[in-house]
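Below is the file target_3.pdb, which contains PDB, C-alpha atoms.
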```
ATOM      1  CA  MET C 299     152.572  88.424  24.990
ATOM      2  CA  VAL C 300     155.942  86.684  24.818
ATOM      3  CA  PRO C 301     159.253  87.285  26.592
ATOM      4  CA  VAL C 302     161.913  88.808  24.334
ATOM      5  CA  GLN C 303     165.599  89.392  25.060
ATOM      6  CA  ILE C 304     167.022  92.751  24.020
ATOM      7  CA  ARG C 305     170.607  93.937  24.204
ATOM      8  CA  SER C 306     171.838  97.464  24.609
ATOM      9  CA  ALA C 307     175.181  99.142  25.054
ATOM     10  CA  ALA C 308     174.038 100.353  28.484
ATOM     11  CA  HIS C 309     173.613  96.840  29.911
ATOM     12  CA  ARG C 310     176.097  93.978  30.010
ATOM     13  CA  ARG C 311     173.421  91.305  30.085
ATOM     14  CA  PRO C 312     170.347  91.028  27.884
ATOM     15  CA  THR C 313     167.165  92.504  29.315
ATOM     16  CA  VAL C 314     163.955  90.516  29.058
ATOM     17  CA  VAL C 315     160.827  92.463  28.150
ATOM     18  CA  MET C 316     157.326  91.329  27.291
ATOM     19  CA  ALA C 317     156.368  91.935  23.665
ATOM     20  CA  LEU C 318     153.071  91.695  21.863
ATOM     21  CA  THR C 319     153.139  89.370  18.893
ATOM     22  CA  CYS C 320     150.561  88.265  16.367
ATOM     23  CA  VAL C 321     150.607  84.776  14.927
ATOM     24  CA  ALA C 322     148.968  83.994  11.601
ATOM     25  CA  ASP C 323     148.268  80.292  11.605
ATOM     26  CA  GLN C 324     145.407  77.965  10.767
ATOM     27  CA  GLN C 325     143.993  78.173  14.303
ATOM     28  CA  ASN C 326     143.284  81.904  13.854
ATOM     29  CA  GLU C 327     139.742  82.523  12.577
ATOM     30  CA  LEU C 328     141.039  85.313  10.299
ATOM     31  CA  TYR C 329     143.767  83.165   8.715
ATOM     32  CA  LEU C 330     143.364  83.195   4.936
ATOM     33  CA  GLY C 331     146.074  80.696   4.077
ATOM     34  CA  PRO C 332     148.760  80.912   1.420
ATOM     35  CA  ASP C 333     147.794  82.856  -1.683
ATOM     36  CA  ASP C 334     149.127  84.771  -4.649
ATOM     37  CA  LEU C 335     151.265  87.728  -3.506
ATOM     38  CA  ILE C 336     149.413  90.226  -5.699
ATOM     39  CA  LYS C 337     146.051  89.113  -4.312
ATOM     40  CA  MET C 338     147.438  89.255  -0.766
ATOM     41  CA  ALA C 339     148.776  92.776  -1.364
ATOM     42  CA  ARG C 340     145.390  94.003  -2.604
ATOM     43  CA  GLU C 341     143.702  92.640   0.491
ATOM     44  CA  ILE C 342     146.385  94.052   2.819
ATOM     45  CA  VAL C 343     145.974  97.551   1.340
ATOM     46  CA  THR C 344     142.237  97.563   2.116
ATOM     47  CA  ALA C 345     142.456  95.883   5.538
ATOM     48  CA  LYS C 346     142.659  97.662   8.877
ATOM     49  CA  GLY C 347     142.890  96.283  12.384
ATOM     50  CA  CYS C 348     142.859  97.700  15.898
ATOM     51  CA  ALA C 349     146.562  98.571  15.544
ATOM     52  CA  GLY C 350     146.042 100.465  12.268
ATOM     53  CA  PRO C 351     146.225  99.809   8.514
ATOM     54  CA  ASN C 352     147.653  96.426   7.574
ATOM     55  CA  CYS C 353     149.696  97.967   4.766
ATOM     56  CA  GLU C 354     151.556 100.158   7.257
ATOM     57  CA  TYR C 355     152.331  97.067   9.336
ATOM     58  CA  VAL C 356     153.813  95.245   6.311
ATOM     59  CA  LEU C 357     155.823  98.275   5.162
ATOM     60  CA  ASN C 358     157.162  98.994   8.657
ATOM     61  CA  LEU C 359     158.000  95.334   9.228
ATOM     62  CA  ALA C 360     160.039  95.175   6.019
ATOM     63  CA  GLU C 361     161.792  98.482   6.757
ATOM     64  CA  ASN C 362     162.720  97.494  10.299
ATOM     65  CA  LEU C 363     163.834  94.017   9.261
ATOM     66  CA  ARG C 364     166.292  95.650   6.848
ATOM     67  CA  LYS C 365     167.567  98.001   9.579
ATOM     68  CA  LEU C 366     167.869  95.424  12.347
ATOM     69  CA  PHE C 367     168.953  92.427  10.256
ATOM     70  CA  PRO C 368     170.629  93.783   7.109
ATOM     71  CA  ASN C 369     171.836  90.327   6.056
ATOM     72  CA  ASP C 370     168.392  88.721   6.269
ATOM     73  CA  GLU C 371     166.870  87.669   2.964
ATOM     74  CA  ASP C 372     163.140  87.358   3.646
ATOM     75  CA  ASP C 373     162.120  87.137   0.002
ATOM     76  CA  HIS C 374     158.457  86.513   0.797
ATOM     77  CA  LEU C 375     158.164  89.635   2.944
ATOM     78  CA  PHE C 376     160.144  91.839   0.567
ATOM     79  CA  GLN C 377     158.148  90.674  -2.463
ATOM     80  CA  LEU C 378     154.926  91.262  -0.544
ATOM     81  CA  GLU C 379     156.168  94.732   0.422
ATOM     82  CA  HIS C 380     156.808  95.492  -3.258
ATOM     83  CA  HIS C 381     153.301  94.419  -4.256
ATOM     84  CA  VAL C 382     151.720  96.314  -1.344
ATOM     85  CA  ARG C 383     153.436  99.510  -2.516
ATOM     86  CA  ILE C 384     152.068  98.993  -6.044
ATOM     87  CA  ALA C 385     148.568  98.134  -4.786
ATOM     88  CA  LYS C 386     148.616 101.201  -2.527
ATOM     89  CA  VAL C 387     149.289 103.494  -5.487
ATOM     90  CA  ARG C 388     146.506 101.882  -7.500
ATOM     91  CA  ALA C 389     143.962 102.014  -4.653
TER
END
```
Could you write out this structure as C-alpha cells?
Amino acid sequence: MVPVQIRSAAHRRPTVVMALTCVADQQNELYLGPDDLIKMAREIVTAKGCAGPNCEYVLNLAENLRKLFPNDEDDHLFQLEHHVRIAKVRA
C-alpha cells in the first residue's frame, strides 16, 4: 500500500488515498526478468493471480494509461498489449 494524491473538481486540494500497487523487481520470487515481448505475452495470457487474469490487467492498464495520460508514450506497455491481444486470440 502506498499513499497516492488524487485531484478532483470537487476539492481544491489534492486528496491522499492509500492504493495497492504491485512491484515487479528482482526481489520478487515470481520476477521473470526481461524477455522477448512475444514470449512475455504468451505467458501473460495463460497466467492468473488472486486479482484475476494477467492479460486483463495488462489490457486495462494500457487502456487506462491512454485515458488518463493521453500524451504518454509507453512503447513497452503498448507493444506488450498488442502481443497480448494476438496471443489471446491464438490461445
Exercise. So which residues get picked by the PyMOL selection byres ((chain C and resi 320) around 12) here, written as a count of residues only?
Worked result: 14
Problem set entry | segment 376-388 of chain C environment, 8 Å, all atoms listed in the file, sequence neighbours closer than 3 positions dropped, as a VMD selection string | chain C and resid 335 to 336 338 to 340 342 to 343 353 356 to 357 360 372 to 373
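Distance-wise, atom CA of Leu330 of chain C and atom CA of Pro351 of chain C end up 17.2 Å apart.
Minimum atom-to-atom distance to Pro301 of chain C, evaluated using all atoms listed in the file, belongs to C:Thr313 out of C:Leu375, C:Thr313, C:Glu341, C:Glu361.
What separates atom CA of Lys346 of chain C from atom CA of Pro368 of chain C is a distance of 28.3 Å.
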Please put the answer as lines of an AutoDock Vina configuration file: centre and edge lengths, in Å with one decimal, of a box along x, y and z that encloses all listed atoms of segment 353-370 of chain C plus 5 Å on each side.
```
center_x = 160.8
center_y = 94.4
center_z = 8.6
size_x = 32.1
size_y = 21.4
size_z = 17.6
```
